[in-house]
Amino acid sequence: MTTESTAPATAERVPATVEQLEQEGDIAADFLEGLLDIADIDGDLDLDVRSGRAYVSVEAPEEGSVELIAQPDTVQALQELTRIAVQTRTGRFSRLILDVGGSRQTRERQLATLVDRAIARLDEGASQASLPGMSSYERKLVHDIVADRGFVSESYGEGADRHTVIRRG
């Protein structure tokens, strides 16, 4: 006996409206305020919508303590938890971006350093240079940095092993 599925083979994601993204930001802010209260961490929240994403920034007020949660791995974990909280409330997949105490800018500088080291390997004769696995957002940043440096890049692999390979143009 054969069972046929009526569900579409691929789910199409409809871009969120600005109003929906603002709602995501509000839900995320409520969730993060609760976490900050539980952890007894002082932080000011700033919400923004740009490039089809909700952005939530947690900044330290004078003598605040957000640096306790500003490490890239911690921010990534908090972002995933926040996305799940938003998705649970809205029923929609969230591409929300979380920044804690300037962690995104710090990570961008780290990624630029990784790209520069990879380019140095190319300058030493390597035909390509691979970077470690990273999130889709980080890979997008890497692709932008690589293009700015005049090189080309592609992503390979699946899941947590998805990584970027850099080559000459």
# chains A, B, ... in the order shown; residues from 1 in each chain; ligands from 1
>>> closest_atom_pairs(of="region 117-162 of chain A", to="region 86-104 of chain A", cutoff="12 Å", atoms="only C-alpha atoms", output="JSON lines")
{"residue": "A:Ser135", "atom": "CA", "partner": "A:Ile97", "partner_atom": "CA", "distance": 11.7}
{"residue": "A:Ser136", "atom": "CA", "partner": "A:Arg95", "partner_atom": "CA", "distance": 10.3}
{"residue": "A:Tyr137", "atom": "CA", "partner": "A:Ile97", "partner_atom": "CA", "distance": 8.7}
{"residue": "A:Glu138", "atom": "CA", "partner": "A:Arg104", "partner_atom": "CA", "distance": 9.5}
{"residue": "A:Leu141", "atom": "CA", "partner": "A:Arg104", "partner_atom": "CA", "distance": 10.4}
>>> write_last_selection(atoms="all heavy atoms", output="mmCIF file, in the first residue's frame")
data_model
loop_
_atom_site.group_PDB
_atom_site.id
_atom_site.type_symbol
_atom_site.label_atom_id
_atom_site.label_comp_id
_atom_site.auth_asym_id
_atom_site.auth_seq_id
_atom_site.Cartn_x
_atom_site.Cartn_y
_atom_site.Cartn_z
ATOM 1 N N SER A 135 27.469 29.847 11.161
ATOM 2 C CA SER A 135 26.049 30.090 10.891
ATOM 3 C C SER A 135 25.866 30.762 9.528
ATOM 4 O O SER A 135 26.805 31.314 8.957
ATOM 5 C CB SER A 135 25.456 30.986 11.979
ATOM 6 O OG SER A 135 25.928 32.308 11.840
ATOM 7 N N SER A 136 24.635 30.734 9.025
ATOM 8 C CA SER A 136 24.352 31.353 7.731
ATOM 9 C C SER A 136 24.633 32.851 7.767
ATOM 10 O O SER A 136 25.143 33.421 6.795
ATOM 11 C CB SER A 136 22.912 31.083 7.306
ATOM 12 O OG SER A 136 22.006 31.625 8.234
ATOM 13 N N TYR A 137 24.313 33.494 8.874
ATOM 14 C CA TYR A 137 24.574 34.931 9.004
ATOM 15 C C TYR A 137 26.079 35.207 8.935
ATOM 16 O O TYR A 137 26.521 36.125 8.235
ATOM 17 C CB TYR A 137 23.988 35.457 10.311
ATOM 18 C CG TYR A 137 24.192 36.944 10.507
ATOM 19 C CD1 TYR A 137 23.412 37.868 9.816
ATOM 20 C CD2 TYR A 137 25.171 37.422 11.361
ATOM 21 C CE1 TYR A 137 23.595 39.236 9.997
ATOM 22 C CE2 TYR A 137 25.361 38.790 11.542
ATOM 23 C CZ TYR A 137 24.569 39.684 10.860
ATOM 24 O OH TYR A 137 24.765 41.029 11.026
ATOM 25 N N GLU A 138 26.872 34.402 9.627
ATOM 26 C CA GLU A 138 28.323 34.590 9.605
ATOM 27 C C GLU A 138 28.876 34.298 8.209
ATOM 28 O O GLU A 138 29.768 35.012 7.742
ATOM 29 C CB GLU A 138 28.994 33.696 10.641
ATOM 30 C CG GLU A 138 28.721 34.120 12.056
ATOM 31 C CD GLU A 138 29.268 33.158 13.092
ATOM 32 O OE1 GLU A 138 29.252 31.929 12.857
ATOM 33 O OE2 GLU A 138 29.712 33.642 14.137
ATOM 34 N N LEU A 141 28.328 37.279 6.072
ATOM 35 C CA LEU A 141 29.330 38.305 6.369
ATOM 36 C C LEU A 141 30.661 37.954 5.707
ATOM 37 O O LEU A 141 31.325 38.827 5.131
ATOM 38 C CB LEU A 141 29.511 38.461 7.878
ATOM 39 C CG LEU A 141 28.331 39.025 8.665
ATOM 40 C CD1 LEU A 141 28.626 38.989 10.158
ATOM 41 C CD2 LEU A 141 27.986 40.433 8.218
#
>>> select_by_dssp(residues="chain A", states="alpha helix (DSSP H)", output="number ranges by chain")
A: 18-39, 72-90, 103-123, 136-148
>>> closest_atom_pairs(of="region 53-105 of chain A", to="region 25-42 of chain A", cutoff="8 Å", atoms="only C-alpha atoms", output="JSON lines")
{"residue": "A:Ala54", "atom": "CA", "partner": "A:Gly25", "partner_atom": "CA", "distance": 5.6}
{"residue": "A:Tyr55", "atom": "CA", "partner": "A:Gly25", "partner_atom": "CA", "distance": 6.9}
{"residue": "A:Val56", "atom": "CA", "partner": "A:Gly25", "partner_atom": "CA", "distance": 6.4}
{"residue": "A:Ala60", "atom": "CA", "partner": "A:Asp42", "partner_atom": "CA", "distance": 6.6}
{"residue": "A:Pro61", "atom": "CA", "partner": "A:Asp42", "partner_atom": "CA", "distance": 7.0}
{"residue": "A:Gly64", "atom": "CA", "partner": "A:Asp42", "partner_atom": "CA", "distance": 5.3}
{"residue": "A:Ser65", "atom": "CA", "partner": "A:Ile41", "partner_atom": "CA", "distance": 5.6}
{"residue": "A:Val66", "atom": "CA", "partner": "A:Ile41", "partner_atom": "CA", "distance": 6.3}
{"residue": "A:Thr82", "atom": "CA", "partner": "A:Ala28", "partner_atom": "CA", "distance": 5.8}
{"residue": "A:Arg83", "atom": "CA", "partner": "A:Ala28", "partner_atom": "CA", "distance": 7.5}
{"residue": "A:Ala85", "atom": "CA", "partner": "A:Phe31", "partner_atom": "CA", "distance": 7.1}
{"residue": "A:Val86", "atom": "CA", "partner": "A:Ile27", "partner_atom": "CA", "distance": 6.0}
{"residue": "A:Arg89", "atom": "CA", "partner": "A:Ile27", "partner_atom": "CA", "distance": 7.8}
{"residue": "A:Leu96", "atom": "CA", "partner": "A:Gly25", "partner_atom": "CA", "distance": 7.7}
>>> residues_around(residues="Tyr156 (chain A)", least_positions_apart="5", cutoff="10 Å", atoms="only C-alpha atoms", output="ChimeraX atom specification")
/A:130,133,161-165
>>> residues_around(residues="Val142 (chain A)", least_positions_apart="3", cutoff="10 Å", atoms="only C-alpha atoms", output="ChimeraX atom specification")
/A:108,111-112,114-115,131,134,136-139,145-148,153-154,164-166
>>> write_last_selection(atoms="all heavy atoms", output="compact mmCIF listing (two decimals), in the first residue's frame")
# COMPACT_ATOMS: atom_id res chain seq x y z
N GLU A 108 32.36 40.37 13.52
CA GLU A 108 32.73 40.78 12.16
C GLU A 108 34.23 41.00 12.05
O GLU A 108 34.84 40.61 11.06
CB GLU A 108 31.98 42.05 11.76
CG GLU A 108 30.53 41.80 11.42
CD GLU A 108 29.79 43.06 11.03
OE1 GLU A 108 30.37 43.91 10.31
OE2 GLU A 108 28.63 43.19 11.44
N LEU A 111 35.86 37.60 11.96
CA LEU A 111 35.69 36.97 10.65
C LEU A 111 36.61 37.61 9.62
O LEU A 111 37.17 36.90 8.77
CB LEU A 111 34.23 37.05 10.21
CG LEU A 111 33.24 36.23 11.03
CD1 LEU A 111 31.80 36.55 10.63
CD2 LEU A 111 33.53 34.75 10.93
N ALA A 112 36.78 38.92 9.67
CA ALA A 112 37.70 39.60 8.75
C ALA A 112 39.12 39.08 8.94
O ALA A 112 39.85 38.87 7.96
CB ALA A 112 37.63 41.11 8.96
N LEU A 114 39.91 36.05 10.03
CA LEU A 114 39.92 34.70 9.45
C LEU A 114 40.08 34.77 7.93
O LEU A 114 40.85 34.01 7.33
CB LEU A 114 38.63 33.95 9.78
CG LEU A 114 38.50 33.30 11.14
CD1 LEU A 114 37.10 32.72 11.31
CD2 LEU A 114 39.54 32.21 11.32
N VAL A 115 39.34 35.67 7.30
CA VAL A 115 39.41 35.83 5.85
C VAL A 115 40.81 36.27 5.45
O VAL A 115 41.40 35.73 4.51
CB VAL A 115 38.34 36.82 5.34
CG1 VAL A 115 38.60 37.22 3.89
CG2 VAL A 115 36.94 36.22 5.49
N LEU A 131 37.34 27.85 5.55
CA LEU A 131 37.11 28.38 6.89
C LEU A 131 36.30 27.36 7.67
O LEU A 131 35.67 26.48 7.08
CB LEU A 131 36.36 29.72 6.81
CG LEU A 131 37.07 30.84 6.04
CD1 LEU A 131 36.22 32.10 6.05
CD2 LEU A 131 38.44 31.11 6.62
N MET A 134 30.19 27.64 10.19
CA MET A 134 29.61 28.79 10.89
C MET A 134 28.15 28.96 10.47
O MET A 134 27.69 28.31 9.54
CB MET A 134 30.43 30.06 10.66
CG MET A 134 30.67 30.43 9.23
SD MET A 134 31.82 31.81 9.00
CE MET A 134 33.39 31.12 9.43
N SER A 136 24.64 30.73 9.02
CA SER A 136 24.35 31.35 7.73
C SER A 136 24.63 32.85 7.77
O SER A 136 25.14 33.42 6.80
CB SER A 136 22.91 31.08 7.31
OG SER A 136 22.01 31.62 8.23
N TYR A 137 24.31 33.49 8.87
CA TYR A 137 24.57 34.93 9.00
C TYR A 137 26.08 35.21 8.94
O TYR A 137 26.52 36.13 8.24
CB TYR A 137 23.99 35.46 10.31
CG TYR A 137 24.19 36.94 10.51
CD1 TYR A 137 23.41 37.87 9.82
CD2 TYR A 137 25.17 37.42 11.36
CE1 TYR A 137 23.59 39.24 10.00
CE2 TYR A 137 25.36 38.79 11.54
CZ TYR A 137 24.57 39.68 10.86
OH TYR A 137 24.77 41.03 11.03
N GLU A 138 26.87 34.40 9.63
CA GLU A 138 28.32 34.59 9.61
C GLU A 138 28.88 34.30 8.21
O GLU A 138 29.77 35.01 7.74
CB GLU A 138 28.99 33.70 10.64
CG GLU A 138 28.72 34.12 12.06
CD GLU A 138 29.27 33.16 13.09
OE1 GLU A 138 29.25 31.93 12.86
OE2 GLU A 138 29.71 33.64 14.14
N ARG A 139 28.36 33.26 7.54
CA ARG A 139 28.82 32.97 6.18
C ARG A 139 28.50 34.13 5.24
O ARG A 139 29.30 34.49 4.39
CB ARG A 139 28.20 31.67 5.65
CG ARG A 139 28.79 30.42 6.28
CD ARG A 139 28.39 29.15 5.55
NE ARG A 139 26.98 29.07 5.22
CZ ARG A 139 26.01 28.66 6.05
NH1 ARG A 139 26.32 28.27 7.27
NH2 ARG A 139 24.77 28.61 5.64
N ILE A 145 32.88 40.09 3.00
CA ILE A 145 34.28 40.46 3.26
C ILE A 145 35.17 39.96 2.12
O ILE A 145 36.03 40.68 1.62
CB ILE A 145 34.75 39.91 4.63
CG1 ILE A 145 33.98 40.57 5.76
CG2 ILE A 145 36.26 40.11 4.79
CD1 ILE A 145 34.13 39.86 7.11
N VAL A 146 34.96 38.70 1.72
CA VAL A 146 35.76 38.10 0.65
C VAL A 146 35.59 38.89 -0.64
O VAL A 146 36.58 39.20 -1.32
CB VAL A 146 35.36 36.61 0.45
CG1 VAL A 146 35.95 36.05 -0.84
CG2 VAL A 146 35.80 35.78 1.65
N ALA A 147 34.36 39.25 -0.98
CA ALA A 147 34.11 40.02 -2.21
C ALA A 147 34.79 41.38 -2.12
O ALA A 147 35.38 41.85 -3.12
CB ALA A 147 32.60 40.18 -2.42
N ASP A 148 34.75 42.01 -0.94
CA ASP A 148 35.42 43.31 -0.76
C ASP A 148 36.93 43.19 -0.98
O ASP A 148 37.57 44.16 -1.40
CB ASP A 148 35.15 43.88 0.63
CG ASP A 148 33.75 44.42 0.79
OD1 ASP A 148 33.03 44.60 -0.22
OD2 ASP A 148 33.35 44.64 1.96
N SER A 153 33.99 33.28 -3.06
CA SER A 153 33.76 32.28 -2.01
C SER A 153 32.47 31.53 -2.30
O SER A 153 31.56 32.05 -2.95
CB SER A 153 33.70 32.95 -0.65
OG SER A 153 32.67 33.92 -0.62
N GLU A 154 32.43 30.30 -1.81
CA GLU A 154 31.24 29.46 -1.90
C GLU A 154 31.10 28.71 -0.59
O GLU A 154 32.10 28.42 0.09
CB GLU A 154 31.37 28.46 -3.04
CG GLU A 154 31.34 29.07 -4.42
CD GLU A 154 31.42 28.00 -5.49
OE1 GLU A 154 30.40 27.30 -5.69
OE2 GLU A 154 32.49 27.87 -6.10
N THR A 164 32.75 27.92 4.45
CA THR A 164 33.06 28.74 3.28
C THR A 164 34.45 28.38 2.76
O THR A 164 35.39 28.21 3.53
CB THR A 164 33.01 30.24 3.66
OG1 THR A 164 31.77 30.52 4.26
CG2 THR A 164 33.18 31.11 2.44
N VAL A 165 34.54 28.31 1.43
CA VAL A 165 35.81 28.08 0.75
C VAL A 165 36.11 29.31 -0.09
O VAL A 165 35.24 29.79 -0.83
CB VAL A 165 35.76 26.81 -0.13
CG1 VAL A 165 37.06 26.65 -0.91
CG2 VAL A 165 35.49 25.57 0.73
N ILE A 166 37.33 29.82 0.05
CA ILE A 166 37.74 31.05 -0.65
C ILE A 166 38.74 30.69 -1.75
O ILE A 166 39.64 29.86 -1.54
CB ILE A 166 38.41 32.03 0.35
CG1 ILE A 166 37.42 32.36 1.47
CG2 ILE A 166 38.89 33.29 -0.37
CD1 ILE A 166 38.04 33.13 2.63
>>> closest_residue(among="A:Glu19, A:Glu67, A:Glu62, A:Glu24", to="Leu47 (chain A)", atoms="only C-alpha atoms")
A:Glu24
>>> atom_distance(atom1="CA of Arg109 (chain A)", atom2="CA of Lys140 (chain A)")
13.9 Å
>>> residues_around(residues="Gly150 (chain A)", least_positions_apart="5", cutoff="10 Å", atoms="only C-alpha atoms", output="list in words")
Ile145, Arg167, Arg168 and Gly169 of chain A
>>> residues_around(residues="Asp46 (chain A)", least_positions_apart="2", cutoff="7 Å", atoms="only C-alpha atoms", output="short mmCIF file (atom, residue, chain, number, x, y, z; two decimals) with N, CA and C atoms, in the first residue's frame")
data_model
loop_
_atom_site.label_atom_id
_atom_site.label_comp_id
_atom_site.auth_asym_id
_atom_site.auth_seq_id
_atom_site.Cartn_x
_atom_site.Cartn_y
_atom_site.Cartn_z
N ASP A 44 19.97 47.57 28.39
CA ASP A 44 18.97 48.35 27.68
C ASP A 44 18.74 47.72 26.32
N ASP A 48 15.10 47.28 16.07
CA ASP A 48 15.19 47.87 14.75
C ASP A 48 14.73 46.83 13.73
N VAL A 56 17.65 43.03 17.45
CA VAL A 56 17.52 43.40 18.86
C VAL A 56 18.92 43.54 19.42
N SER A 57 19.18 44.69 20.01
CA SER A 57 20.49 44.94 20.63
C SER A 57 20.30 45.08 22.13
N VAL A 58 21.19 44.45 22.87
CA VAL A 58 21.22 44.59 24.32
C VAL A 58 22.50 45.37 24.62
#
>>> atom_distance(atom1="CA of Thr74 (chain A)", atom2="CA of Glu59 (chain A)")
15.1 Å
>>> atom_distance(atom1="CA of Arg53 (chain A)", atom2="CA of Leu21 (chain A)")
6.5 Å
>>> select_by_dssp(residues="region 15-167 of chain A", states="strand (DSSP E)", output="PyMOL selection string")
chain A and resi 44-50+53-59+97-100+129-130+151-156+163-167
>>> write_last_selection(atoms="N, CA and C atoms", output="PDB file, in the first residue's frame")
ATOM      1  N   ASP A  44      19.969  47.574  28.394  1.00  0.00           N
ATOM      2  CA  ASP A  44      18.967  48.354  27.683  1.00  0.00           C
ATOM      3  C   ASP A  44      18.740  47.717  26.324  1.00  0.00           C
ATOM      4  N   LEU A  45      17.479  47.571  25.936  1.00  0.00           N
ATOM      5  CA  LEU A  45      17.141  46.937  24.664  1.00  0.00           C
ATOM      6  C   LEU A  45      16.819  47.986  23.613  1.00  0.00           C
ATOM      7  N   ASP A  46      17.303  47.746  22.408  1.00  0.00           N
ATOM      8  CA  ASP A  46      17.020  48.601  21.269  1.00  0.00           C
ATOM      9  C   ASP A  46      16.514  47.701  20.152  1.00  0.00           C
ATOM     10  N   LEU A  47      15.394  48.090  19.526  1.00  0.00           N
ATOM     11  CA  LEU A  47      14.788  47.293  18.460  1.00  0.00           C
ATOM     12  C   LEU A  47      14.892  48.033  17.142  1.00  0.00           C
ATOM     13  N   ASP A  48      15.102  47.282  16.068  1.00  0.00           N
ATOM     14  CA  ASP A  48      15.193  47.869  14.748  1.00  0.00           C
ATOM     15  C   ASP A  48      14.727  46.834  13.730  1.00  0.00           C
ATOM     16  N   VAL A  49      14.293  47.292  12.577  1.00  0.00           N
ATOM     17  CA  VAL A  49      13.945  46.427  11.457  1.00  0.00           C
ATOM     18  C   VAL A  49      14.735  46.916  10.264  1.00  0.00           C
ATOM     19  N   ARG A  50      15.521  46.020   9.660  1.00  0.00           N
ATOM     20  CA  ARG A  50      16.260  46.376   8.452  1.00  0.00           C
ATOM     21  C   ARG A  50      16.608  45.107   7.685  1.00  0.00           C
ATOM     22  N   ARG A  53      14.794  41.785   8.435  1.00  0.00           N
ATOM     23  CA  ARG A  53      15.032  41.101   9.708  1.00  0.00           C
ATOM     24  C   ARG A  53      14.747  42.034  10.862  1.00  0.00           C
ATOM     25  N   ALA A  54      14.349  41.437  11.973  1.00  0.00           N
ATOM     26  CA  ALA A  54      14.252  42.181  13.224  1.00  0.00           C
ATOM     27  C   ALA A  54      15.622  42.113  13.883  1.00  0.00           C
ATOM     28  N   TYR A  55      16.092  43.246  14.363  1.00  0.00           N
ATOM     29  CA  TYR A  55      17.366  43.330  15.070  1.00  0.00           C
ATOM     30  C   TYR A  55      17.082  43.760  16.504  1.00  0.00           C
ATOM     31  N   VAL A  56      17.649  43.031  17.454  1.00  0.00           N
ATOM     32  CA  VAL A  56      17.518  43.395  18.856  1.00  0.00           C
ATOM     33  C   VAL A  56      18.923  43.536  19.423  1.00  0.00           C
ATOM     34  N   SER A  57      19.182  44.689  20.009  1.00  0.00           N
ATOM     35  CA  SER A  57      20.487  44.944  20.626  1.00  0.00           C
ATOM     36  C   SER A  57      20.303  45.085  22.127  1.00  0.00           C
ATOM     37  N   VAL A  58      21.191  44.446  22.872  1.00  0.00           N
ATOM     38  CA  VAL A  58      21.223  44.593  24.317  1.00  0.00           C
ATOM     39  C   VAL A  58      22.497  45.370  24.625  1.00  0.00           C
ATOM     40  N   GLU A  59      22.320  46.564  25.151  1.00  0.00           N
ATOM     41  CA  GLU A  59      23.460  47.428  25.473  1.00  0.00           C
ATOM     42  C   GLU A  59      23.547  47.603  26.977  1.00  0.00           C
ATOM     43  N   ILE A  97      18.036  38.872  14.485  1.00  0.00           N
ATOM     44  CA  ILE A  97      19.459  38.995  14.794  1.00  0.00           C
ATOM     45  C   ILE A  97      19.585  39.638  16.168  1.00  0.00           C
ATOM     46  N   LEU A  98      20.409  39.034  17.009  1.00  0.00           N
ATOM     47  CA  LEU A  98      20.648  39.542  18.355  1.00  0.00           C
ATOM     48  C   LEU A  98      22.088  40.037  18.458  1.00  0.00           C
ATOM     49  N   ASP A  99      22.236  41.202  19.047  1.00  0.00           N
ATOM     50  CA  ASP A  99      23.557  41.754  19.330  1.00  0.00           C
ATOM     51  C   ASP A  99      23.604  42.063  20.817  1.00  0.00           C
ATOM     52  N   VAL A 100      24.661  41.642  21.473  1.00  0.00           N
ATOM     53  CA  VAL A 100      24.818  41.915  22.908  1.00  0.00           C
ATOM     54  C   VAL A 100      26.128  42.654  23.110  1.00  0.00           C
ATOM     55  N   ALA A 129      41.191  28.078   0.197  1.00  0.00           N
ATOM     56  CA  ALA A 129      41.327  28.083   1.655  1.00  0.00           C
ATOM     57  C   ALA A 129      39.935  27.934   2.262  1.00  0.00           C
ATOM     58  N   SER A 130      39.806  26.964   3.167  1.00  0.00           N
ATOM     59  CA  SER A 130      38.526  26.701   3.817  1.00  0.00           C
ATOM     60  C   SER A 130      38.496  27.320   5.201  1.00  0.00           C
ATOM     61  N   PHE A 151      38.162  38.534  -3.895  1.00  0.00           N
ATOM     62  CA  PHE A 151      38.219  37.088  -4.057  1.00  0.00           C
ATOM     63  C   PHE A 151      36.797  36.548  -4.184  1.00  0.00           C
ATOM     64  N   VAL A 152      36.666  35.253  -4.426  1.00  0.00           N
ATOM     65  CA  VAL A 152      35.346  34.628  -4.519  1.00  0.00           C
ATOM     66  C   VAL A 152      35.221  33.561  -3.444  1.00  0.00           C
ATOM     67  N   SER A 153      33.990  33.285  -3.060  1.00  0.00           N
ATOM     68  CA  SER A 153      33.758  32.277  -2.015  1.00  0.00           C
ATOM     69  C   SER A 153      32.468  31.531  -2.300  1.00  0.00           C
ATOM     70  N   GLU A 154      32.431  30.303  -1.808  1.00  0.00           N
ATOM     71  CA  GLU A 154      31.242  29.460  -1.899  1.00  0.00           C
ATOM     72  C   GLU A 154      31.105  28.705  -0.588  1.00  0.00           C
ATOM     73  N   SER A 155      29.864  28.352  -0.254  1.00  0.00           N
ATOM     74  CA  SER A 155      29.603  27.561   0.948  1.00  0.00           C
ATOM     75  C   SER A 155      29.394  26.103   0.572  1.00  0.00           C
ATOM     76  N   TYR A 156      29.910  25.214   1.408  1.00  0.00           N
ATOM     77  CA  TYR A 156      29.793  23.781   1.198  1.00  0.00           C
ATOM     78  C   TYR A 156      29.423  23.107   2.515  1.00  0.00           C
ATOM     79  N   HIS A 163      30.475  25.362   5.649  1.00  0.00           N
ATOM     80  CA  HIS A 163      31.625  26.243   5.743  1.00  0.00           C
ATOM     81  C   HIS A 163      31.859  26.969   4.419  1.00  0.00           C
ATOM     82  N   THR A 164      32.754  27.916   4.450  1.00  0.00           N
ATOM     83  CA  THR A 164      33.060  28.739   3.281  1.00  0.00           C
ATOM     84  C   THR A 164      34.446  28.385   2.758  1.00  0.00           C
ATOM     85  N   VAL A 165      34.544  28.307   1.432  1.00  0.00           N
ATOM     86  CA  VAL A 165      35.813  28.083   0.755  1.00  0.00           C
ATOM     87  C   VAL A 165      36.106  29.311  -0.094  1.00  0.00           C
ATOM     88  N   ILE A 166      37.330  29.816   0.045  1.00  0.00           N
ATOM     89  CA  ILE A 166      37.745  31.050  -0.653  1.00  0.00           C
ATOM     90  C   ILE A 166      38.745  30.692  -1.749  1.00  0.00           C
ATOM     91  N   ARG A 167      38.564  31.335  -2.922  1.00  0.00           N
ATOM     92  CA  ARG A 167      39.456  31.141  -4.070  1.00  0.00           C
ATOM     93  C   ARG A 167      39.738  32.502  -4.707  1.00  0.00           C
TER      94      ARG A 167
END
>>> decode(residues="region 27-34 of chain A", atoms="all heavy atoms", output="mmCIF file, in the first residue's frame")
data_model
loop_
_atom_site.group_PDB
_atom_site.id
_atom_site.type_symbol
_atom_site.label_atom_id
_atom_site.label_comp_id
_atom_site.auth_asym_id
_atom_site.auth_seq_id
_atom_site.Cartn_x
_atom_site.Cartn_y
_atom_site.Cartn_z
ATOM 1 N N ILE A 27 8.307 40.751 20.841
ATOM 2 C CA ILE A 27 8.281 39.451 21.523
ATOM 3 C C ILE A 27 9.682 39.103 22.018
ATOM 4 O O ILE A 27 9.866 38.658 23.157
ATOM 5 C CB ILE A 27 7.738 38.350 20.586
ATOM 6 C CG1 ILE A 27 6.260 38.609 20.282
ATOM 7 C CG2 ILE A 27 7.934 36.966 21.201
ATOM 8 C CD1 ILE A 27 5.714 37.775 19.131
ATOM 9 N N ALA A 28 10.674 39.322 21.160
ATOM 10 C CA ALA A 28 12.063 39.040 21.539
ATOM 11 C C ALA A 28 12.482 39.888 22.726
ATOM 12 O O ALA A 28 13.127 39.388 23.656
ATOM 13 C CB ALA A 28 12.989 39.292 20.352
ATOM 14 N N ALA A 29 12.112 41.163 22.711
ATOM 15 C CA ALA A 29 12.484 42.059 23.814
ATOM 16 C C ALA A 29 11.857 41.581 25.126
ATOM 17 O O ALA A 29 12.540 41.560 26.162
ATOM 18 C CB ALA A 29 12.043 43.482 23.504
ATOM 19 N N ASP A 30 10.594 41.177 25.081
ATOM 20 C CA ASP A 30 9.946 40.656 26.298
ATOM 21 C C ASP A 30 10.670 39.419 26.809
ATOM 22 O O ASP A 30 10.926 39.287 28.005
ATOM 23 C CB ASP A 30 8.476 40.324 26.031
ATOM 24 C CG ASP A 30 7.608 41.555 25.816
ATOM 25 O OD1 ASP A 30 8.043 42.675 26.179
ATOM 26 O OD2 ASP A 30 6.487 41.390 25.277
ATOM 27 N N PHE A 31 11.001 38.516 25.904
ATOM 28 C CA PHE A 31 11.701 37.282 26.274
ATOM 29 C C PHE A 31 13.065 37.606 26.882
ATOM 30 O O PHE A 31 13.434 37.088 27.949
ATOM 31 C CB PHE A 31 11.855 36.382 25.037
ATOM 32 C CG PHE A 31 12.633 35.129 25.289
ATOM 33 C CD1 PHE A 31 12.064 34.064 25.966
ATOM 34 C CD2 PHE A 31 13.946 35.013 24.853
ATOM 35 C CE1 PHE A 31 12.796 32.898 26.208
ATOM 36 C CE2 PHE A 31 14.679 33.858 25.086
ATOM 37 C CZ PHE A 31 14.100 32.799 25.770
ATOM 38 N N LEU A 32 13.820 38.481 26.216
ATOM 39 C CA LEU A 32 15.162 38.819 26.693
ATOM 40 C C LEU A 32 15.128 39.572 28.016
ATOM 41 O O LEU A 32 15.983 39.344 28.879
ATOM 42 C CB LEU A 32 15.917 39.619 25.638
ATOM 43 C CG LEU A 32 16.317 38.807 24.400
ATOM 44 C CD1 LEU A 32 16.719 39.731 23.259
ATOM 45 C CD2 LEU A 32 17.424 37.825 24.744
ATOM 46 N N GLU A 33 14.143 40.453 28.192
ATOM 47 C CA GLU A 33 14.007 41.150 29.477
ATOM 48 C C GLU A 33 13.815 40.150 30.612
ATOM 49 O O GLU A 33 14.402 40.305 31.690
ATOM 50 C CB GLU A 33 12.838 42.134 29.433
ATOM 51 C CG GLU A 33 13.162 43.408 28.709
ATOM 52 C CD GLU A 33 11.955 44.344 28.588
ATOM 53 O OE1 GLU A 33 10.806 43.938 28.889
ATOM 54 O OE2 GLU A 33 12.177 45.495 28.181
ATOM 55 N N GLY A 34 13.012 39.122 30.357
ATOM 56 C CA GLY A 34 12.805 38.079 31.366
ATOM 57 C C GLY A 34 14.099 37.348 31.696
ATOM 58 O O GLY A 34 14.416 37.116 32.868
#
